[in-house]
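Chemist: Dumping the structure here so I can ask a few things about it.
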Amino acid sequence: MSESHYRHMKDLPSTHLLGAGTAMCAGCGGLQAVHEVYDVLGEKTVFVNAAGCMTLLSVYPFTPFRGSWLYTSMASAPAGAQGVRDALDLLVAKGRLPANDDLQVVVLTGDGAAYGMGLSSTSGAIDRGLDFIYLCYDNEGYANTGQQSSPATPHAAHTATDSGVLGHPGFKKDLFGIWVANRPAYAATVIGTEPLDLARKIERAKDMRGPRLILALAPCPSGWGFDPGEMAEIGRLAVRSGVWPLKEYDDGRVVHTEIRRPRVPVEEYLVRQERFRHLFEPERNDAELSAIQARIDAYWECVD
Amino acid sequence: MYRIRFHGRGGQGMKTASRILGTAFFGSGFEVQDAPLYGAERRGAPIFAYVRAARRPIHERGVIDRPDLVVVADDTLVPIPTAGVMAGLGERSVLLVATGEEPAVWRDRLQLQGPILTLPIAAEERAELRFVGASCAAAAARLIGVISWADLERATQQELAPLGETVVVENLRRGRAAWDAFAPHEGLVVEGAEAASQVDERPDWIELPFEAARISAPDIHVAATSTEVRTGLWRTIRPVIDYDRCHRCTWVCSTLCPDSAIAVDTEGAPRIDLDHCKGCMICVAVCPTHAIETIPEGEAKHAESEEARP
């Protein structure tokens, strides 16, 4: 494995490719991840955007990108990426596009599309060995329309569709695991609040071929219920508590890129978010809190 | 028919204010429509919601273009053309602005034909307008004058119940204060006429002939045109860097700023792009030397205009 360009925080890019002025909420964890990813991928990138929050990144004639952006319905971004990839391959083969002007094709999708209705077309794209990066900003719900539950919503979280005392009855789906089971070229989890880990993973993924997953947890002030200024702290707590494991799959193996010992109790992460407030008020739900902690501990026991 | 528009920023409770007023109207026996604008309703971004209420079935649809009452929860929206606060204000339309300034200042500034009233907002509350929605709904109800306090109270309780008892109590306390404060103006808002299709005026528009897409929506070959959009207008609080305390570790604030709004100058110092900073204050939270301060936007603007004076 070659040495990373990103050895210290100070190696991170100090100029940014993604333009300001987008309609994302103040303190958006998804936008933070996308701008960090774009800096490492560089200008020669074409984005294929599944409908979601990031629909509003490009509203004609305004775009934060330096190249093309294609918009698709929620379920069909990988199919859009296939078309773009094929067109680029044809242009290069016919000599109409110099090989060094070829573009990296990136699907940009929210968790609603990635964990649910877009799975089928994603599976097909992986099966065909499509050469693309699949970047999911996971804000754990249909945030663009008011945070209804998605298959990425964590257990017990309040959402617009699960507002009862128990919160969301389901459990967050393991999208990383689904990708790994498909034996892609590469898969990684990242978070914008750990930019060095993110930059190293994007740097690795960038030079590979084939289907590559970048799954970014995207703390969402509006959907999760916290002050926008706390976004970085919430993201760090997600990692330090072990809720969001940072890992990568490469060459048939899953490796955790950050193992925290000791981990921060998950309560410290939950208590700062409005969507989990019912676990603490009016009465503390000790049973649910220890069940959530136990699931995290069980995950990390298999890692340690 | 009464037509009321509530303007505010995403997160200030304008949708809730319109729900409360709509429900209170309904409880008082009116036919009601209430709807928030559907679009880029982002926290901090200009948004609006509107209510129609009549004693007969309402056939009018869509955004209210001739309001009888416009309520503005955030006075920084008034000068923003895209917020559309002033749209359709006629000689009888009442404008209610939540503000720290006197009504006379607003009358002088806006030169409207209709009455202008203010809902006083204390300076320390300006950046955090969590309860302004309930105050706005109550003030609107009193100005309209056909809703009883009992109906308004019931509507407030009904709409806010999912947020818990503490929130309901605080909102009712604030709502009651606004209700009492506007007693002298009860009934100031006059019901607008029903629009009949025969009298519908032809909208003032320009006919554009059909054009091929490549002419009407040409390709954009310029990078990052989004910087033409001034999202800095969303900001209610402003980060200010103290360069004496800043250690020039720009990879922290500049990387973690979601909006690419912190650049690094040739001296290696971070510079905040105030045209685009939305005021999320992540930079304030992550700065290792605590070199970034938070200042209310109104105060910062005021200081700037003072400085600009000869």
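Following the order of the structure tokens, first chain is A, next is B, and so on, with residues numbered from 1 inside each chain and ligands from 1 in the order they appear.
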Could you give me, as JSON lines, a per-residue list for chain A showing, wherever an atom lies at most 8 Å from an atom of chain B, the closest pair of atoms and their distance in Å to one decimal, using only C-alpha atoms and sorting by chain then residue number from low to high?
Modeler:
```
{"residue": "A:Met9", "atom": "CA", "partner": "B:Trp251", "partner_atom": "CA", "distance": 6.3}
{"residue": "A:Lys10", "atom": "CA", "partner": "B:Trp251", "partner_atom": "CA", "distance": 5.6}
{"residue": "A:Asp11", "atom": "CA", "partner": "B:Trp251", "partner_atom": "CA", "distance": 7.9}
{"residue": "A:Leu12", "atom": "CA", "partner": "B:Trp251", "partner_atom": "CA", "distance": 6.3}
{"residue": "A:Pro13", "atom": "CA", "partner": "B:Trp251", "partner_atom": "CA", "distance": 7.5}
{"residue": "A:Ser14", "atom": "CA", "partner": "B:Val264", "partner_atom": "CA", "distance": 6.3}
{"residue": "A:Thr15", "atom": "CA", "partner": "B:Ala263", "partner_atom": "CA", "distance": 6.4}
{"residue": "A:His16", "atom": "CA", "partner": "B:Ser260", "partner_atom": "CA", "distance": 6.2}
{"residue": "A:Leu18", "atom": "CA", "partner": "B:Ser260", "partner_atom": "CA", "distance": 6.7}
{"residue": "A:Gly19", "atom": "CA", "partner": "B:Ala224", "partner_atom": "CA", "distance": 4.8}
{"residue": "A:Ala20", "atom": "CA", "partner": "B:Thr227", "partner_atom": "CA", "distance": 5.2}
{"residue": "A:Gly21", "atom": "CA", "partner": "B:Thr227", "partner_atom": "CA", "distance": 4.9}
{"residue": "A:Thr22", "atom": "CA", "partner": "B:Ser226", "partner_atom": "CA", "distance": 6.1}
{"residue": "A:Ala23", "atom": "CA", "partner": "B:Ala40", "partner_atom": "CA", "distance": 6.8}
{"residue": "A:Met24", "atom": "CA", "partner": "B:Arg42", "partner_atom": "CA", "distance": 6.8}
{"residue": "A:Cys25", "atom": "CA", "partner": "B:Arg42", "partner_atom": "CA", "distance": 5.1}
{"residue": "A:Ala26", "atom": "CA", "partner": "B:Cys280", "partner_atom": "CA", "distance": 5.0}
{"residue": "A:Gly27", "atom": "CA", "partner": "B:Cys280", "partner_atom": "CA", "distance": 5.0}
{"residue": "A:Cys28", "atom": "CA", "partner": "B:Pro258", "partner_atom": "CA", "distance": 6.3}
{"residue": "A:Gly29", "atom": "CA", "partner": "B:Pro258", "partner_atom": "CA", "distance": 6.9}
{"residue": "A:Leu31", "atom": "CA", "partner": "B:Pro258", "partner_atom": "CA", "distance": 5.4}
{"residue": "A:Gln32", "atom": "CA", "partner": "B:Pro258", "partner_atom": "CA", "distance": 3.9}
{"residue": "A:Ala33", "atom": "CA", "partner": "B:Pro258", "partner_atom": "CA", "distance": 7.6}
{"residue": "A:His35", "atom": "CA", "partner": "B:Pro258", "partner_atom": "CA", "distance": 7.0}
{"residue": "A:Glu36", "atom": "CA", "partner": "B:Thr255", "partner_atom": "CA", "distance": 7.0}
{"residue": "A:Leu56", "atom": "CA", "partner": "B:Ala40", "partner_atom": "CA", "distance": 7.4}
{"residue": "A:Ser58", "atom": "CA", "partner": "B:Ser226", "partner_atom": "CA", "distance": 7.8}
{"residue": "A:Pro61", "atom": "CA", "partner": "B:Ile220", "partner_atom": "CA", "distance": 7.1}
{"residue": "A:Phe62", "atom": "CA", "partner": "B:Ser226", "partner_atom": "CA", "distance": 4.5}
{"residue": "A:Thr63", "atom": "CA", "partner": "B:Ser226", "partner_atom": "CA", "distance": 4.8}
{"residue": "A:Pro64", "atom": "CA", "partner": "B:Ala224", "partner_atom": "CA", "distance": 4.2}
{"residue": "A:Phe65", "atom": "CA", "partner": "B:Ala224", "partner_atom": "CA", "distance": 5.1}
{"residue": "A:Arg66", "atom": "CA", "partner": "B:Ala223", "partner_atom": "CA", "distance": 4.2}
{"residue": "A:Gly67", "atom": "CA", "partner": "B:Ala223", "partner_atom": "CA", "distance": 6.7}
{"residue": "A:Gly192", "atom": "CA", "partner": "B:Leu256", "partner_atom": "CA", "distance": 7.2}
{"residue": "A:Thr193", "atom": "CA", "partner": "B:Leu256", "partner_atom": "CA", "distance": 6.6}
{"residue": "A:Pro195", "atom": "CA", "partner": "B:Thr255", "partner_atom": "CA", "distance": 7.4}
{"residue": "A:Ser222", "atom": "CA", "partner": "B:Arg43", "partner_atom": "CA", "distance": 7.0}
{"residue": "A:Pro228", "atom": "CA", "partner": "B:Cys280", "partner_atom": "CA", "distance": 5.1}
{"residue": "A:Gly229", "atom": "CA", "partner": "B:Ile282", "partner_atom": "CA", "distance": 4.3}
{"residue": "A:Glu230", "atom": "CA", "partner": "B:Ile282", "partner_atom": "CA", "distance": 6.6}
{"residue": "A:Met231", "atom": "CA", "partner": "B:Ile282", "partner_atom": "CA", "distance": 6.7}
{"residue": "A:Ala232", "atom": "CA", "partner": "B:Ile282", "partner_atom": "CA", "distance": 6.6}
{"residue": "A:Glu233", "atom": "CA", "partner": "B:Ala285", "partner_atom": "CA", "distance": 8.0}
```
Chemist: How would you write, as a ChimeraX atom specification, the set of residues in range 5-51 of chain B that DSSP gives as strand (DSSP E or B)?
Modeler: /B:5-10,31-36,43,46-51
Chemist: Pick out the residues sitting within 6 Å of range 103-113 of chain A, and hand them over as a VMD selection string; count only C-alpha atoms, and ignore anything fewer than 5 positions along from it in its own chain.
Modeler: chain A and resid 44 to 50 52 74 to 75 118 132 to 138 142 150
Chemist: Would you save the residues from that selection as an mmCIF file, in the first residue's frame, using N, CA and C atoms?
Modeler:
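File again_4.cif, as written:
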```
data_model
loop_
_atom_site.group_PDB
_atom_site.id
_atom_site.type_symbol
_atom_site.label_atom_id
_atom_site.label_comp_id
_atom_site.auth_asym_id
_atom_site.auth_seq_id
_atom_site.Cartn_x
_atom_site.Cartn_y
_atom_site.Cartn_z
ATOM 1 N N LYS A 44 -12.153 16.526 -11.864
ATOM 2 C CA LYS A 44 -12.570 15.604 -12.932
ATOM 3 C C LYS A 44 -13.523 14.559 -12.390
ATOM 4 N N THR A 45 -14.656 15.058 -11.939
ATOM 5 C CA THR A 45 -15.652 14.211 -11.300
ATOM 6 C C THR A 45 -17.016 14.599 -11.848
ATOM 7 N N VAL A 46 -17.833 13.606 -12.161
ATOM 8 C CA VAL A 46 -19.206 13.904 -12.567
ATOM 9 C C VAL A 46 -20.141 13.264 -11.538
ATOM 10 N N PHE A 47 -21.092 14.045 -11.037
ATOM 11 C CA PHE A 47 -21.995 13.550 -9.999
ATOM 12 C C PHE A 47 -23.340 13.143 -10.591
ATOM 13 N N VAL A 48 -23.797 11.974 -10.185
ATOM 14 C CA VAL A 48 -25.134 11.500 -10.551
ATOM 15 C C VAL A 48 -25.931 11.464 -9.250
ATOM 16 N N ASN A 49 -26.905 12.341 -9.150
ATOM 17 C CA ASN A 49 -27.563 12.638 -7.879
ATOM 18 C C ASN A 49 -28.950 11.995 -7.791
ATOM 19 N N ALA A 50 -29.107 11.063 -6.851
ATOM 20 C CA ALA A 50 -30.444 10.512 -6.604
ATOM 21 C C ALA A 50 -31.261 11.552 -5.848
ATOM 22 N N GLY A 52 -33.191 13.625 -3.254
ATOM 23 C CA GLY A 52 -33.003 13.665 -1.799
ATOM 24 C C GLY A 52 -32.686 15.085 -1.393
ATOM 25 N N MET A 74 -35.141 8.660 -7.264
ATOM 26 C CA MET A 74 -34.492 8.094 -6.074
ATOM 27 C C MET A 74 -33.866 6.738 -6.328
ATOM 28 N N ALA A 75 -34.539 5.903 -7.090
ATOM 29 C CA ALA A 75 -34.109 4.514 -7.176
ATOM 30 C C ALA A 75 -33.126 4.236 -8.310
ATOM 31 N N GLY A 118 -33.381 2.290 -3.650
ATOM 32 C CA GLY A 118 -32.337 2.230 -4.672
ATOM 33 C C GLY A 118 -31.501 0.966 -4.612
ATOM 34 N N PHE A 132 -17.603 2.878 -10.558
ATOM 35 C CA PHE A 132 -18.163 4.110 -9.992
ATOM 36 C C PHE A 132 -17.972 4.167 -8.485
ATOM 37 N N ILE A 133 -18.064 5.375 -7.955
ATOM 38 C CA ILE A 133 -18.077 5.559 -6.501
ATOM 39 C C ILE A 133 -19.513 5.846 -6.096
ATOM 40 N N TYR A 134 -19.949 5.192 -5.048
ATOM 41 C CA TYR A 134 -21.320 5.349 -4.554
ATOM 42 C C TYR A 134 -21.227 6.058 -3.214
ATOM 43 N N LEU A 135 -21.498 7.356 -3.207
ATOM 44 C CA LEU A 135 -21.348 8.163 -1.990
ATOM 45 C C LEU A 135 -22.716 8.406 -1.368
ATOM 46 N N CYS A 136 -22.905 7.821 -0.185
ATOM 47 C CA CYS A 136 -24.189 7.992 0.507
ATOM 48 C C CYS A 136 -24.012 8.897 1.707
ATOM 49 N N TYR A 137 -24.796 9.976 1.765
ATOM 50 C CA TYR A 137 -24.833 10.800 2.985
ATOM 51 C C TYR A 137 -26.007 10.292 3.810
ATOM 52 N N ASP A 138 -25.688 9.671 4.923
ATOM 53 C CA ASP A 138 -26.688 8.951 5.703
ATOM 54 C C ASP A 138 -27.142 9.824 6.877
ATOM 55 N N TYR A 142 -35.698 10.333 5.932
ATOM 56 C CA TYR A 142 -36.035 11.146 4.762
ATOM 57 C C TYR A 142 -36.021 12.617 5.194
ATOM 58 N N SER A 150 -36.499 5.978 7.638
ATOM 59 C CA SER A 150 -35.979 5.243 6.487
ATOM 60 C C SER A 150 -35.378 3.957 7.051
#
```
Chemist: Would you please work out which residue, of B:Phe210, B:Phe26, B:Trp149, B:Tyr243, is nearest to Val51 in chain B when using only C-alpha atoms?
Modeler: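 Under the stated criterion, the closest residue is B:Phe26.
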Chemist: Could you check how far CA of Val167 in chain B sits from CA of Gly170 in chain A, in Å to one decimal?
Modeler: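 Spanning CA of Val167 in chain B to CA of Gly170 in chain A is a straight-line distance of 28.5 Å.
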Chemist: Please identify which residues in range 8-248 of chain B DSSP calls alpha helix (DSSP H) from the backbone, and express them as a ChimeraX atom specification.
Modeler: /B:14-27,103-110,132-144,149-160,165-181,213-216
Chemist: So that I can check the surroundings of His185 in chain B, please list as a list of chain:residue names every protein, DNA and RNA residue that reaches within 9 Å of it, counting only C-alpha atoms and ignoring chain neighbours fewer than 5 positions away.
Modeler: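 These residues fall inside the cut-off: B:Arg142, B:Leu143, B:Ile144, B:Gly145.
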Chemist: Could you pull the residues within 10 Å of range 268-281 of chain A, counting only C-alpha atoms, minus those fewer than 3 positions along the same chain, as an NGL selection string?
Modeler: (:A and (155-160 or 163-168 or 220-227 or 230 or 233-243 or 264-265 or 284-289)) or (:B and (164))
Chemist: By how many Å are CA of Leu90 in chain A and CA of Asn182 in chain A apart?
Modeler: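 Separation between CA of Leu90 in chain A and CA of Asn182 in chain A: 26.9 Å.
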Chemist: By how many Å are CA of Arg176 in chain B and CA of Gly133 in chain B apart?
Modeler: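 Between CA of Arg176 in chain B and CA of Gly133 in chain B the gap is 12.5 Å.
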Chemist: Can you list, as a ChimeraX atom specification, every protein, DNA or RNA residue that comes within 10 Å of range 290-302 of chain B when you count only C-alpha atoms, leaving out same-chain residues fewer than 4 positions away?
Modeler: /B:75-76,100,123-128,233,235-247,253,279,281,283-286,306-308
Chemist: Could you write out the selected residues, including C-alpha atoms, as a PDB file, in the first residue's frame?
Modeler:
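Now in part06.pdb:
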```pdb
ATOM      1  CA  ASP B  75     -37.182  41.779  10.672  1.00  0.00           C
ATOM      2  CA  THR B  76     -33.970  40.997   8.752  1.00  0.00           C
ATOM      3  CA  GLY B 100     -36.282  45.587  18.430  1.00  0.00           C
ATOM      4  CA  ALA B 123     -32.120  42.299  22.063  1.00  0.00           C
ATOM      5  CA  GLU B 124     -30.990  39.137  23.882  1.00  0.00           C
ATOM      6  CA  GLU B 125     -33.770  37.098  22.270  1.00  0.00           C
ATOM      7  CA  ARG B 126     -33.097  38.172  18.721  1.00  0.00           C
ATOM      8  CA  ALA B 127     -30.741  35.353  17.802  1.00  0.00           C
ATOM      9  CA  GLU B 128     -32.919  32.694  19.391  1.00  0.00           C
ATOM     10  CA  LEU B 233     -28.643  36.353   4.378  1.00  0.00           C
ATOM     11  CA  ARG B 235     -27.446  34.219   9.233  1.00  0.00           C
ATOM     12  CA  THR B 236     -28.866  35.483  12.522  1.00  0.00           C
ATOM     13  CA  ILE B 237     -25.548  35.214  14.372  1.00  0.00           C
ATOM     14  CA  ARG B 238     -22.093  35.914  13.003  1.00  0.00           C
ATOM     15  CA  PRO B 239     -18.726  34.266  13.704  1.00  0.00           C
ATOM     16  CA  VAL B 240     -15.911  36.784  14.168  1.00  0.00           C
ATOM     17  CA  ILE B 241     -12.264  35.686  14.280  1.00  0.00           C
ATOM     18  CA  ASP B 242      -9.919  37.280  16.806  1.00  0.00           C
ATOM     19  CA  TYR B 243      -6.703  37.133  14.762  1.00  0.00           C
ATOM     20  CA  ASP B 244      -4.556  37.695  17.866  1.00  0.00           C
ATOM     21  CA  ARG B 245      -5.774  34.411  19.271  1.00  0.00           C
ATOM     22  CA  CYS B 246      -5.994  32.513  15.953  1.00  0.00           C
ATOM     23  CA  HIS B 247      -3.164  29.967  15.597  1.00  0.00           C
ATOM     24  CA  CYS B 253     -12.171  25.482  10.692  1.00  0.00           C
ATOM     25  CA  GLY B 279     -24.130  31.155  10.748  1.00  0.00           C
ATOM     26  CA  MET B 281     -21.229  28.294  14.241  1.00  0.00           C
ATOM     27  CA  CYS B 283     -16.189  26.981  13.446  1.00  0.00           C
ATOM     28  CA  VAL B 284     -16.829  28.530  16.867  1.00  0.00           C
ATOM     29  CA  ALA B 285     -17.300  25.078  18.393  1.00  0.00           C
ATOM     30  CA  VAL B 286     -14.241  23.440  16.824  1.00  0.00           C
ATOM     31  CA  GLU B 306     -21.483  53.074  12.249  1.00  0.00           C
ATOM     32  CA  GLU B 307     -17.970  52.446  10.939  1.00  0.00           C
ATOM     33  CA  ALA B 308     -18.992  53.331   7.410  1.00  0.00           C
TER      34      ALA B 308
END
```
Chemist: Pick the closest to Ile292 in chain A from A:Asp162, A:Glu267, A:Glu194, A:Glu3: which is it, counting only C-alpha atoms?
Modeler: A:Glu267
Chemist: Which one of B:Glu191, B:Ile206, B:Arg109, B:Asn171 sits closest to Ile4 in chain B if you count only C-alpha atoms?
Modeler: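 Closest residue, counting only C-alpha atoms: B:Glu191.
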